[in-house]
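Structure data follow from coords30.cif (mmCIF, C-alpha atoms):
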data_entry
loop_
_atom_site.label_atom_id
_atom_site.label_comp_id
_atom_site.auth_asym_id
_atom_site.auth_seq_id
_atom_site.Cartn_x
_atom_site.Cartn_y
_atom_site.Cartn_z
CA MET A 1388 0.00 0.00 0.00
CA SER A 1389 1.39 3.43 -0.94
CA ASP A 1390 2.07 5.96 1.80
CA SER A 1391 0.12 9.19 1.26
CA ARG A 1392 2.82 11.07 3.15
CA ILE A 1393 5.29 10.32 0.33
CA THR A 1394 2.84 11.87 -2.13
CA ASN A 1395 2.46 14.88 0.16
CA LEU A 1396 6.23 15.27 0.41
CA ALA A 1397 6.61 15.21 -3.38
CA LYS A 1398 3.82 17.79 -3.80
CA VAL A 1399 5.33 20.12 -1.22
CA ILE A 1400 8.77 19.96 -2.88
CA VAL A 1401 7.51 20.38 -6.46
CA ASP A 1402 4.83 23.03 -5.89
CA TYR A 1403 6.09 24.89 -2.81
CA SER A 1404 9.83 24.37 -2.35
CA VAL A 1405 11.15 24.71 -5.92
CA LYS A 1406 7.95 25.68 -7.78
CA ILE A 1407 8.44 23.64 -10.95
CA LYS A 1408 7.28 25.40 -14.10
CA PRO A 1409 7.15 24.39 -17.79
CA GLY A 1410 10.57 23.98 -19.36
CA ASP A 1411 12.50 23.62 -16.10
CA GLN A 1412 15.50 21.28 -16.29
CA VAL A 1413 15.49 19.29 -13.05
CA PHE A 1414 18.45 17.24 -11.83
CA ILE A 1415 17.60 14.57 -9.23
CA THR A 1416 20.27 12.69 -7.27
CA THR A 1417 19.16 9.65 -5.32
CA ALA A 1418 19.74 5.98 -4.54
CA PRO A 1419 17.60 2.97 -5.55
CA VAL A 1420 15.91 2.65 -2.16
CA ALA A 1421 14.19 6.03 -2.66
CA THR A 1422 12.31 4.86 -5.77
CA PRO A 1423 8.81 5.52 -4.29
CA LEU A 1424 9.62 9.21 -3.72
CA VAL A 1425 11.47 9.60 -7.03
CA GLN A 1426 8.47 8.19 -8.90
CA GLU A 1427 6.13 10.72 -7.27
CA LEU A 1428 8.52 13.60 -7.93
CA TYR A 1429 9.04 12.50 -11.53
CA ARG A 1430 5.30 12.22 -12.12
CA LEU A 1431 4.63 15.72 -10.81
CA ILE A 1432 7.59 17.29 -12.66
CA VAL A 1433 6.37 15.82 -15.96
CA GLN A 1434 2.80 16.96 -15.23
CA ARG A 1435 4.07 20.49 -14.54
CA GLY A 1436 5.93 20.55 -17.88
CA GLY A 1437 9.46 20.08 -16.52
CA HIS A 1438 12.29 17.88 -17.78
CA ALA A 1439 13.56 15.53 -15.07
CA LEU A 1440 16.97 13.84 -15.12
CA PRO A 1441 17.29 11.32 -12.26
CA VAL A 1442 20.83 10.12 -11.54
CA VAL A 1443 20.94 7.05 -9.30
CA ASP A 1444 23.99 6.53 -7.09
CA LEU A 1445 24.68 2.87 -6.33
CA PRO A 1446 25.70 1.98 -2.75
CA GLY A 1447 29.32 1.03 -2.23
CA LEU A 1448 30.92 3.03 -5.04
CA ASN A 1449 32.38 5.81 -2.91
CA PRO A 1450 34.55 3.51 -0.74
CA ILE A 1451 35.95 1.96 -3.93
CA PHE A 1452 36.77 5.40 -5.30
CA PHE A 1453 38.65 6.58 -2.21
CA GLU A 1454 40.54 3.30 -1.92
CA HIS A 1455 41.83 3.24 -5.49
CA ALA A 1456 41.69 6.79 -6.94
CA ASN A 1457 45.01 8.41 -7.85
CA ASP A 1458 45.74 12.15 -7.72
CA GLU A 1459 44.48 12.74 -11.26
CA GLN A 1460 41.23 10.94 -10.53
CA LEU A 1461 40.73 12.79 -7.24
CA ALA A 1462 41.06 16.08 -9.14
CA TYR A 1463 38.79 15.09 -12.04
CA ILE A 1464 35.55 17.03 -12.52
CA SER A 1465 32.89 15.39 -14.67
CA PRO A 1466 31.92 17.69 -17.56
CA ILE A 1467 28.38 16.38 -17.13
CA MET A 1468 28.24 17.56 -13.52
CA LYS A 1469 29.81 20.88 -14.53
CA HIS A 1470 27.15 21.35 -17.22
CA VAL A 1471 24.35 20.52 -14.79
CA MET A 1472 25.56 22.98 -12.16
CA GLU A 1473 26.03 25.74 -14.72
CA ASN A 1474 22.81 25.25 -16.70
CA PHE A 1475 20.03 23.33 -14.97
CA ASP A 1476 17.22 25.24 -13.26
CA VAL A 1477 16.52 22.92 -10.33
CA ARG A 1478 18.53 20.42 -8.28
CA LEU A 1479 16.81 17.92 -5.99
CA ALA A 1480 18.95 15.77 -3.67
CA ILE A 1481 17.32 12.88 -1.84
CA GLY A 1482 19.29 11.50 1.07
CA SER A 1483 18.74 7.75 0.86
CA GLN A 1484 21.77 5.98 2.26
CA THR A 1485 21.67 2.32 3.17
CA ASN A 1486 25.01 2.54 5.02
CA THR A 1487 25.69 5.90 6.63
CA ARG A 1488 29.20 4.88 7.66
CA GLU A 1489 30.50 3.50 4.38
CA LEU A 1490 33.35 6.04 4.28
CA SER A 1491 34.49 5.52 7.87
CA ALA A 1492 37.74 3.90 6.69
CA ALA A 1493 38.40 6.29 3.81
CA ASN A 1494 41.72 8.14 3.69
CA PRO A 1495 41.11 11.64 5.16
CA ALA A 1496 43.82 13.18 2.96
CA LYS A 1497 42.11 11.83 -0.16
CA GLN A 1498 38.75 13.13 1.07
CA ALA A 1499 40.27 16.57 1.61
CA ALA A 1500 41.85 16.50 -1.87
CA ARG A 1501 38.51 15.61 -3.41
CA GLN A 1502 36.82 18.45 -1.55
CA ARG A 1503 39.41 20.90 -2.92
CA ALA A 1504 38.83 19.62 -6.45
CA MET A 1505 35.08 20.09 -6.10
CA ARG A 1506 35.43 23.68 -4.94
CA PRO A 1507 34.57 25.26 -8.33
CA ILE A 1508 31.41 23.15 -8.51
CA SER A 1509 30.32 24.07 -4.99
CA GLN A 1510 31.03 27.75 -5.63
CA THR A 1511 28.99 27.70 -8.84
CA PHE A 1512 26.18 26.10 -6.86
CA MET A 1513 26.27 28.81 -4.18
CA ASP A 1514 26.58 31.68 -6.67
CA ARG A 1515 23.68 30.49 -8.86
CA SER A 1516 21.58 29.82 -5.78
CA ALA A 1517 22.23 33.34 -4.48
CA SER A 1518 21.25 34.88 -7.83
CA GLY A 1519 18.08 32.81 -8.09
CA ALA A 1520 19.24 31.06 -11.26
CA LEU A 1521 19.29 27.70 -9.46
CA ARG A 1522 16.49 26.49 -7.21
CA TRP A 1523 17.27 23.49 -5.06
CA ASN A 1524 16.00 21.29 -2.28
CA VAL A 1525 17.53 18.60 -0.08
CA THR A 1526 15.28 16.03 1.56
CA LEU A 1527 15.49 12.52 2.98
CA PHE A 1528 13.83 9.20 2.27
CA PRO A 1529 13.60 7.04 5.41
CA THR A 1530 15.85 3.96 5.33
CA ASP A 1531 16.85 1.31 7.84
CA ALA A 1532 20.31 2.88 8.09
CA TYR A 1533 18.94 6.28 9.13
CA ALA A 1534 16.53 4.60 11.55
CA GLN A 1535 19.40 2.68 13.15
CA ASP A 1536 21.43 5.87 13.59
CA ALA A 1537 18.40 7.46 15.24
CA GLU A 1538 17.86 4.36 17.41
CA MET A 1539 14.32 3.91 16.12
CA SER A 1540 12.35 1.30 14.28
CA LEU A 1541 11.84 2.09 10.62
CA ALA A 1542 8.12 2.73 11.20
CA ASP A 1543 8.84 5.15 14.06
CA PHE A 1544 11.52 6.87 12.00
CA GLU A 1545 9.09 7.30 9.09
CA ASP A 1546 6.64 8.95 11.48
CA PHE A 1547 9.42 11.21 12.74
CA VAL A 1548 10.51 12.24 9.23
CA TYR A 1549 7.08 12.95 7.81
CA SER A 1550 6.00 14.80 10.94
CA ALA A 1551 9.11 17.01 10.80
CA CYS A 1552 8.31 17.71 7.12
CA LEU A 1553 4.70 18.57 8.13
CA CYS A 1554 3.53 15.97 5.61
CA ASP A 1555 1.15 14.52 8.18
CA GLN A 1556 -0.75 17.83 8.18
CA PRO A 1557 -4.01 18.32 6.24
CA ASP A 1558 -2.37 21.12 4.22
CA PRO A 1559 1.46 20.89 4.39
CA VAL A 1560 1.97 23.97 2.21
CA ALA A 1561 -0.17 26.12 4.50
CA ALA A 1562 1.73 24.73 7.47
CA TRP A 1563 5.09 25.77 5.96
CA GLN A 1564 3.70 29.19 5.09
CA ALA A 1565 2.82 29.60 8.77
CA VAL A 1566 6.41 28.63 9.70
CA ALA A 1567 7.67 31.30 7.29
CA ARG A 1568 5.56 33.99 8.95
CA LYS A 1569 6.66 33.03 12.47
CA GLN A 1570 10.37 32.84 11.63
CA GLN A 1571 10.20 36.19 9.85
CA MET A 1572 9.72 37.75 13.29
CA LEU A 1573 13.23 36.59 14.19
CA VAL A 1574 14.70 37.75 10.86
CA ASP A 1575 13.13 41.19 11.17
CA TRP A 1576 14.36 41.62 14.76
CA LEU A 1577 17.92 40.60 13.85
CA ALA A 1578 18.12 43.03 10.91
CA GLY A 1579 20.71 45.73 11.46
CA LYS A 1580 22.23 44.12 14.55
CA ARG A 1581 26.02 43.96 15.03
CA GLU A 1582 27.06 41.18 17.41
CA VAL A 1583 25.80 37.88 18.81
CA HIS A 1584 27.17 36.60 22.12
CA LEU A 1585 26.72 32.94 23.05
CA THR A 1586 27.32 31.56 26.52
CA GLY A 1587 26.73 28.02 27.66
CA PRO A 1588 28.50 24.86 28.80
CA ASP A 1589 32.18 25.24 27.74
CA THR A 1590 31.10 28.03 25.38
CA ASP A 1591 31.74 31.79 25.34
CA LEU A 1592 31.72 33.12 21.79
CA THR A 1593 31.09 36.44 20.06
CA VAL A 1594 30.07 36.53 16.40
CA GLY A 1595 30.02 39.70 14.30
CA ILE A 1596 26.98 40.10 12.04
CA ALA A 1597 27.20 43.79 11.07
CA GLY A 1598 26.04 44.35 7.50
CA ARG A 1599 24.94 40.74 7.12
CA SER A 1600 21.46 39.47 6.23
CA PHE A 1601 19.57 36.65 7.92
CA VAL A 1602 17.68 34.19 5.69
CA ASN A 1603 14.32 32.68 6.61
CA CYS A 1604 14.58 28.93 5.92
CA CYS A 1605 11.02 27.70 5.69
CA GLY A 1606 10.97 24.66 3.41
CA ASP A 1607 12.35 25.97 0.14
CA LYS A 1608 15.96 24.74 0.28
CA ASN A 1609 15.61 21.96 2.88
CA MET A 1610 12.76 19.62 3.74
CA PRO A 1611 12.35 19.57 6.67
CA ASP A 1612 13.38 23.10 7.49
CA GLY A 1613 13.16 25.53 10.37
CA GLU A 1614 16.10 27.89 10.91
CA VAL A 1615 17.31 31.42 10.29
CA PHE A 1616 20.93 31.87 9.24
CA THR A 1617 23.51 34.37 8.13
CA GLY A 1618 27.15 34.52 7.08
CA PRO A 1619 29.14 36.02 9.97
CA GLU A 1620 31.82 38.64 9.50
CA GLU A 1621 34.93 36.75 8.49
CA THR A 1622 37.23 38.50 11.01
CA LYS A 1623 34.77 38.98 13.88
CA VAL A 1624 34.48 35.59 15.58
CA ASN A 1625 36.25 35.33 18.94
CA GLY A 1626 36.17 33.01 21.92
CA HIS A 1627 35.56 29.30 22.25
CA VAL A 1628 32.75 26.86 21.62
CA ARG A 1629 32.04 23.23 22.41
CA PHE A 1630 29.80 21.49 19.90
CA SER A 1631 27.38 19.44 21.95
CA PHE A 1632 26.64 16.65 19.48
CA PRO A 1633 28.97 14.60 17.27
CA ALA A 1634 29.85 16.45 14.06
CA ILE A 1635 29.30 14.12 11.10
CA TYR A 1636 30.80 14.82 7.68
CA GLN A 1637 31.44 12.51 4.73
CA SER A 1638 30.28 9.53 6.83
CA ARG A 1639 32.89 10.31 9.50
CA GLU A 1640 31.77 11.00 13.07
CA VAL A 1641 33.87 13.46 15.09
CA SER A 1642 32.86 13.74 18.74
CA ASP A 1643 33.36 16.34 21.49
CA VAL A 1644 34.62 19.02 19.11
CA ARG A 1645 36.02 22.14 20.78
CA ILE A 1646 37.21 25.15 18.78
CA TRP A 1647 39.03 28.34 19.81
CA PHE A 1648 38.73 31.43 17.54
CA GLU A 1649 40.82 34.56 17.18
CA ASP A 1650 39.71 37.30 14.76
CA GLY A 1651 37.54 34.90 12.81
CA VAL A 1652 40.05 32.07 12.45
CA ALA A 1653 39.99 28.75 14.27
CA VAL A 1654 43.42 28.73 15.89
CA LYS A 1655 43.09 25.62 18.03
CA TRP A 1656 40.81 22.60 18.09
CA SER A 1657 40.38 19.22 19.66
CA ALA A 1658 38.13 16.19 19.38
CA ALA A 1659 37.72 13.04 21.44
CA LYS A 1660 37.26 10.94 18.30
CA ASN A 1661 38.60 11.35 14.74
CA GLU A 1662 40.63 14.46 15.47
CA GLU A 1663 42.89 13.68 12.49
CA PHE A 1664 39.92 13.94 10.15
CA LEU A 1665 38.87 17.22 11.76
CA THR A 1666 42.36 18.59 11.20
CA GLN A 1667 42.42 17.44 7.55
CA MET A 1668 39.14 19.23 6.84
CA LEU A 1669 39.93 22.44 8.72
CA THR A 1670 43.28 22.75 6.95
CA SER A 1671 42.02 21.74 3.50
CA ASP A 1672 42.09 25.36 2.25
CA GLU A 1673 42.32 28.95 3.45
CA GLY A 1674 38.61 29.40 4.12
CA ALA A 1675 38.02 26.13 5.96
CA ARG A 1676 38.96 27.55 9.39
CA ARG A 1677 36.49 30.44 9.15
CA LEU A 1678 32.73 30.32 9.57
CA GLY A 1679 30.59 30.58 6.45
CA GLU A 1680 27.31 30.21 8.31
CA PHE A 1681 25.81 30.98 11.72
CA ALA A 1682 22.24 29.88 12.41
CA PHE A 1683 19.49 29.52 14.97
CA GLY A 1684 17.54 26.24 14.95
CA ALA A 1685 13.81 26.97 15.15
CA ASN A 1686 11.95 23.70 14.46
CA PHE A 1687 10.58 22.76 17.86
CA GLY A 1688 8.95 19.69 16.30
CA ILE A 1689 12.50 18.27 16.19
CA GLN A 1690 13.80 17.76 19.70
CA ARG A 1691 16.15 14.79 19.47
CA PHE A 1692 19.53 14.26 17.84
CA ILE A 1693 19.42 11.56 15.15
CA LYS A 1694 22.91 11.85 13.59
CA ASN A 1695 21.56 13.46 10.42
CA ILE A 1696 22.42 17.13 9.93
CA LEU A 1697 19.38 17.83 7.75
CA PHE A 1698 17.27 17.34 10.88
CA ASP A 1699 19.72 17.96 13.71
CA GLU A 1700 20.68 21.51 12.69
CA LYS A 1701 16.99 22.48 12.88
CA ILE A 1702 16.50 21.37 16.51
CA GLY A 1703 14.61 24.21 18.17
CA GLY A 1704 16.77 26.06 20.68
CA THR A 1705 20.15 25.12 19.23
CA VAL A 1706 22.73 27.09 17.28
CA HIS A 1707 24.80 25.71 14.44
CA MET A 1708 27.83 27.02 12.64
CA ALA A 1709 29.33 25.87 9.37
CA PHE A 1710 33.04 25.93 8.70
CA GLY A 1711 33.93 26.83 5.13
CA GLY A 1712 31.97 28.26 2.25
CA GLY A 1713 29.33 30.89 2.98
CA TYR A 1714 26.17 31.76 1.07
CA PRO A 1715 26.64 35.02 -0.89
CA GLU A 1716 23.05 36.14 -0.29
CA THR A 1717 23.91 36.66 3.40
CA GLY A 1718 26.87 38.90 2.59
CA SER A 1719 29.42 36.17 3.28
CA ILE A 1720 32.60 36.35 1.24
CA ASN A 1721 34.21 33.22 2.71
CA ARG A 1722 35.18 30.66 0.10
CA SER A 1723 36.13 27.06 0.76
CA ALA A 1724 35.74 23.54 -0.59
CA ILE A 1725 34.01 22.46 2.62
CA HIS A 1726 30.76 23.42 4.32
CA TRP A 1727 30.59 21.51 7.61
CA ASP A 1728 27.76 22.23 10.05
CA MET A 1729 28.31 21.69 13.77
CA ILE A 1730 25.68 22.07 16.50
CA CYS A 1731 25.86 23.80 19.88
CA ASP A 1732 22.94 22.93 22.19
CA LEU A 1733 21.85 25.90 24.30
CA ARG A 1734 18.68 24.38 25.76
CA ALA A 1735 20.17 23.72 29.20
CA GLY A 1736 22.01 26.70 30.62
CA GLY A 1737 22.61 28.56 27.37
CA GLU A 1738 22.01 32.21 26.66
CA VAL A 1739 22.15 34.37 23.53
CA THR A 1740 22.36 38.14 23.61
CA VAL A 1741 22.38 40.33 20.51
CA ASP A 1742 23.88 43.80 20.89
CA GLY A 1743 23.52 43.29 24.64
CA GLU A 1744 19.82 42.42 24.52
CA LEU A 1745 18.55 38.98 25.53
CA PHE A 1746 17.49 37.05 22.42
CA ALA A 1747 17.26 33.48 23.71
CA LYS A 1748 17.59 31.70 27.04
CA ASP A 1749 17.65 27.95 27.63
CA GLY A 1750 16.74 27.43 23.98
CA LYS A 1751 13.66 29.67 24.06
CA TYR A 1752 13.39 32.73 21.81
CA MET A 1753 12.15 35.75 23.73
CA LEU A 1754 10.13 37.01 20.76
CA TRP A 1755 8.07 33.83 20.84
CA GLU A 1756 7.48 33.67 24.56
#

Kindly present the structure from the file in structure tokens form.
Amino acid sequence: MSDSRITNLAKVIVDYSVKIKPGDQVFITTAPVATPLVQELYRLIVQRGGHALPVVDLPGLNPIFFEHANDEQLAYISPIMKHVMENFDVRLAIGSQTNTRELSAANPAKQAARQRAMRPISQTFMDRSASGALRWNVTLFPTDAYAQDAEMSLADFEDFVYSACLCDQPDPVAAWQAVARKQQMLVDWLAGKREVHLTGPDTDLTVGIAGRSFVNCCGDKNMPDGEVFTGPEETKVNGHVRFSFPAIYQSREVSDVRIWFEDGVAVKWSAAKNEEFLTQMLTSDEGARRLGEFAFGANFGIQRFIKNILFDEKIGGTVHMAFGGGYPETGSINRSAIHWDMICDLRAGGEVTVDGELFAKDGKYMLWE
């Protein structure tokens, strides 16, 4: 029996998130397990007059690549991918892994080299997104692997995912429109402010935001969504922060990450697990040790950590920061091959002031209280 929530998710993405119109070229990346969602997306894209190109990634190929690829292969950029990023109108990415740790044994130096090689592609993506030439959305199809990471049964995880995406609501589009209106209160209040100050367990950090714009993330680029973010001033981050949850990147889990900043640059760091990988990523290029994103999580329907950044960074009452490339629409000028989000939980003993005024306490936003 088909799941109506899958149909709802496809409709929300096609008609609300990326607003498919006749003639749109749509690039879909996925894995075989997500076939039910791809079929619904494909059907709707064709009905709306778009041209869909699904590209299916087979499990197990990435470990083979990083085991055997030489320097020339690590640096190779597919002309097909380059064409897609430079010319297609819409990109849909469906997270659908069947083994979320398949790169745990990959060589960190090779992963860093590959990230550097992909930098022109990622920069094209960010630039076209900022200009509006490229619409995009990232979502997730529930799999056993994700459910295991979340320590749930698959059925419970499906309920969690579709609830977070508001696809269990009678009118998901109206529900996301309501999210947009509520989050805009935060964006409007933050406009024109100069400095954010975070304090919490093992955290005392100031982040400059003068001249930067906050973006209301309400289901267009991510599904689920629920955050407001900006690109901090590249030389105005000072202090130290402990990231409360494991930071997961390229299938590698790095736990108990602590970072010390001076004038925007991470000058010292430590991790209880996989510190070598952390070092490889943070030293992969000049922009990797600066923040490209600073964000407030605002989805209070997500309250538990599931080891998936698409959901975890939205946890209501948390803050996340991304090392590396920033989004130009925020005013960020940081450029890097990486974009690695890490989460600081402020729900127990945390406080956020903005220009000296209390903005959030114990994970609660004062404007919403």

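Listed by chain and then by number, the residues chosen by the PyMOL selection byres ((chain A and resi 1627-1638) around 7) in this file are Thr1487, Arg1488, Glu1489, Leu1490, Ser1491, Asp1589, Thr1590, Asp1591, Leu1592, Asn1625, Gly1626, Arg1639, Glu1640, Val1641, Ser1642, Asp1643, Val1644, Arg1645, Ile1646, Trp1647, Phe1648, Trp1727, Met1729, Ile1730, Cys1731 and Asp1732 of chain A.
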
Open item on the list: Residues within 7 Å of stretch 1473-1483 of chain A, please, as JSON, numbers by chain. Count only C-alpha atoms; anything in the same chain fewer than 6 positions from it doesn't count.
Closed with: {"A": [1411, 1412, 1413, 1414, 1415, 1416, 1417, 1418, 1420, 1421, 1511, 1520, 1521, 1522, 1523, 1524, 1525, 1526, 1527, 1528, 1529, 1530]}

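Using only C-alpha atoms for every distance, the candidate list A:Phe1746, A:Tyr1429, A:Phe1698, A:Phe1601 yields A:Phe1698 as the residue closest to A:Tyr1549.
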
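For the set A:Leu1697, A:Met1505, A:Leu1553, A:Ala1517, the residue with the smallest atom-to-atom gap to A:Ser1723 is A:Met1505, counting only C-alpha atoms.
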
- [ ] Find, counting only C-alpha atoms, the residue in A:Leu1461, A:Ile1720, A:Leu1424, A:Leu1585 that gets nearest to A:Ala1682.
- [x]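 For A:Ala1682, the nearest of the candidates is A:Leu1585.
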
TODO: In Å, rounded to a single decimal, give me how far atom CA of A:Met1468 is from atom CA of A:Arg1506.
DONE: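 A separation of 12.8 Å between them.
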
- [ ] Kindly resolve the PyMOL selection byres ((chain A and resi 1547) around 12) on the present coordinates and return the residues as a PyMOL selection string.
- [x] chain A and resi 1392+1527-1529+1533-1534+1537-1546+1548-1555+1611+1688-1693+1698

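Proximity to A:Glu1582 at 8 Å, evaluated using all atoms listed in the file and with sequence-adjacent residues fewer than 3 positions away removed, yields Thr1593, Val1594, Gly1595, Ile1596, Ala1597, Val1741 and Asp1742 of chain A.
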
Task: Polymer residues at most 12 Å from A:Ser1465, all atoms listed in the file, same-chain spacing of 5 or more positions, as number ranges by chain - done: A: 1460, 1470-1472, 1504-1505, 1507-1508

Open item on the list: Please determine, counting only C-alpha atoms, which residue among A:Ser1518, A:Asn1486, A:Thr1422, A:Lys1751 has the shortest atom-to-atom distance to A:Leu1448.
Closed with: A:Asn1486

Applied to the shown file, which residues does the PyMOL selection byres ((chain A and resi 1666) around 12) return, written as a CSV table (one decimal) with C-alpha atoms, in the frame of the given file?
chain,number,residue,atom,x,y,z
A,1495,PRO,CA,41.1,11.6,5.2
A,1496,ALA,CA,43.8,13.2,3.0
A,1499,ALA,CA,40.3,16.6,1.6
A,1641,VAL,CA,33.9,13.5,15.1
A,1644,VAL,CA,34.6,19.0,19.1
A,1646,ILE,CA,37.2,25.2,18.8
A,1653,ALA,CA,40.0,28.8,14.3
A,1654,VAL,CA,43.4,28.7,15.9
A,1655,LYS,CA,43.1,25.6,18.0
A,1656,TRP,CA,40.8,22.6,18.1
A,1657,SER,CA,40.4,19.2,19.7
A,1658,ALA,CA,38.1,16.2,19.4
A,1660,LYS,CA,37.3,10.9,18.3
A,1661,ASN,CA,38.6,11.4,14.7
A,1662,GLU,CA,40.6,14.5,15.5
A,1663,GLU,CA,42.9,13.7,12.5
A,1664,PHE,CA,39.9,13.9,10.2
A,1665,LEU,CA,38.9,17.2,11.8
A,1667,GLN,CA,42.4,17.4,7.6
A,1668,MET,CA,39.1,19.2,6.8
A,1669,LEU,CA,39.9,22.4,8.7
A,1670,THR,CA,43.3,22.8,7.0
A,1671,SER,CA,42.0,21.7,3.5
A,1672,ASP,CA,42.1,25.4,2.2
A,1675,ALA,CA,38.0,26.1,6.0
A,1676,ARG,CA,39.0,27.6,9.4

- [ ] For atom CA of A:Ile1407 and atom CA of A:Asp1728, determine how far apart the two atoms are, in Å to one decimal place.
- [x] 28.6 Å

TODO: Write out as an MDAnalysis selection string the residues lying within 10 Å of A:Asp1402, counting all atoms listed in the file and excluding same-chain residues fewer than 5 positions away.
DONE: chainID A and resid 1397 1407:1408 1431:1432 1435 1560

As AutoDock Vina command-line options, please report the centre and edge lengths, rounded to one decimal in Å, of the axis-aligned box that holds all listed atoms of stretch 1422-1429 of chain A with 8 Å of padding on each of the six sides.
--center_x 9.2 --center_y 9.2 --center_z -7.6 --size_x 22.2 --size_y 24.7 --size_z 23.8

- [ ] In Å, rounded to a single decimal, give me how far atom CA of A:Gly1410 is from atom CA of A:His1438.
- [x]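 According to the coordinates, atom CA of A:His1438 and atom CA of A:Gly1410 are separated by 6.5 Å.
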
Stretch 1392-1409 of chain A rebuilt with N, CA and C atoms, output as a tab-separated table (two decimals), keeping the file's coordinate frame:
chain	number	residue	atom	x	y	z
A	1392	ARG	N	1.88	10.04	2.70
A	1392	ARG	CA	2.82	11.07	3.15
A	1392	ARG	C	3.95	11.25	2.15
A	1393	ILE	N	4.29	10.19	1.40
A	1393	ILE	CA	5.29	10.32	0.33
A	1393	ILE	C	4.75	11.22	-0.77
A	1394	THR	N	3.49	11.01	-1.13
A	1394	THR	CA	2.84	11.87	-2.13
A	1394	THR	C	2.81	13.32	-1.66
A	1395	ASN	N	2.48	13.52	-0.39
A	1395	ASN	CA	2.46	14.88	0.16
A	1395	ASN	C	3.84	15.52	0.11
A	1396	LEU	N	4.88	14.73	0.43
A	1396	LEU	CA	6.23	15.27	0.41
A	1396	LEU	C	6.62	15.70	-1.01
A	1397	ALA	N	6.30	14.87	-1.99
A	1397	ALA	CA	6.61	15.21	-3.38
A	1397	ALA	C	5.86	16.48	-3.81
A	1398	LYS	N	4.60	16.60	-3.43
A	1398	LYS	CA	3.82	17.79	-3.80
A	1398	LYS	C	4.39	19.05	-3.17
A	1399	VAL	N	4.77	18.95	-1.90
A	1399	VAL	CA	5.33	20.12	-1.22
A	1399	VAL	C	6.62	20.57	-1.92
A	1400	ILE	N	7.48	19.61	-2.25
A	1400	ILE	CA	8.77	19.96	-2.88
A	1400	ILE	C	8.55	20.57	-4.26
A	1401	VAL	N	7.70	19.94	-5.07
A	1401	VAL	CA	7.51	20.38	-6.46
A	1401	VAL	C	6.76	21.71	-6.54
A	1402	ASP	N	5.70	21.85	-5.74
A	1402	ASP	CA	4.83	23.03	-5.89
A	1402	ASP	C	5.13	24.16	-4.92
A	1403	TYR	N	5.79	23.86	-3.80
A	1403	TYR	CA	6.09	24.89	-2.81
A	1403	TYR	C	7.59	25.19	-2.74
A	1404	SER	N	8.40	24.15	-2.58
A	1404	SER	CA	9.83	24.37	-2.35
A	1404	SER	C	10.54	24.93	-3.57
A	1405	VAL	N	10.41	24.27	-4.72
A	1405	VAL	CA	11.15	24.71	-5.92
A	1405	VAL	C	10.24	25.23	-7.03
A	1406	LYS	N	8.93	25.09	-6.86
A	1406	LYS	CA	7.95	25.68	-7.78
A	1406	LYS	C	8.27	25.37	-9.24
A	1407	ILE	N	8.16	24.09	-9.59
A	1407	ILE	CA	8.44	23.64	-10.95
A	1407	ILE	C	7.50	24.31	-11.94
A	1408	LYS	N	8.07	24.78	-13.05
A	1408	LYS	CA	7.28	25.40	-14.10
A	1408	LYS	C	7.66	24.80	-15.45
A	1409	PRO	N	6.85	24.98	-16.48
A	1409	PRO	CA	7.15	24.39	-17.79
A	1409	PRO	C	8.54	24.76	-18.29
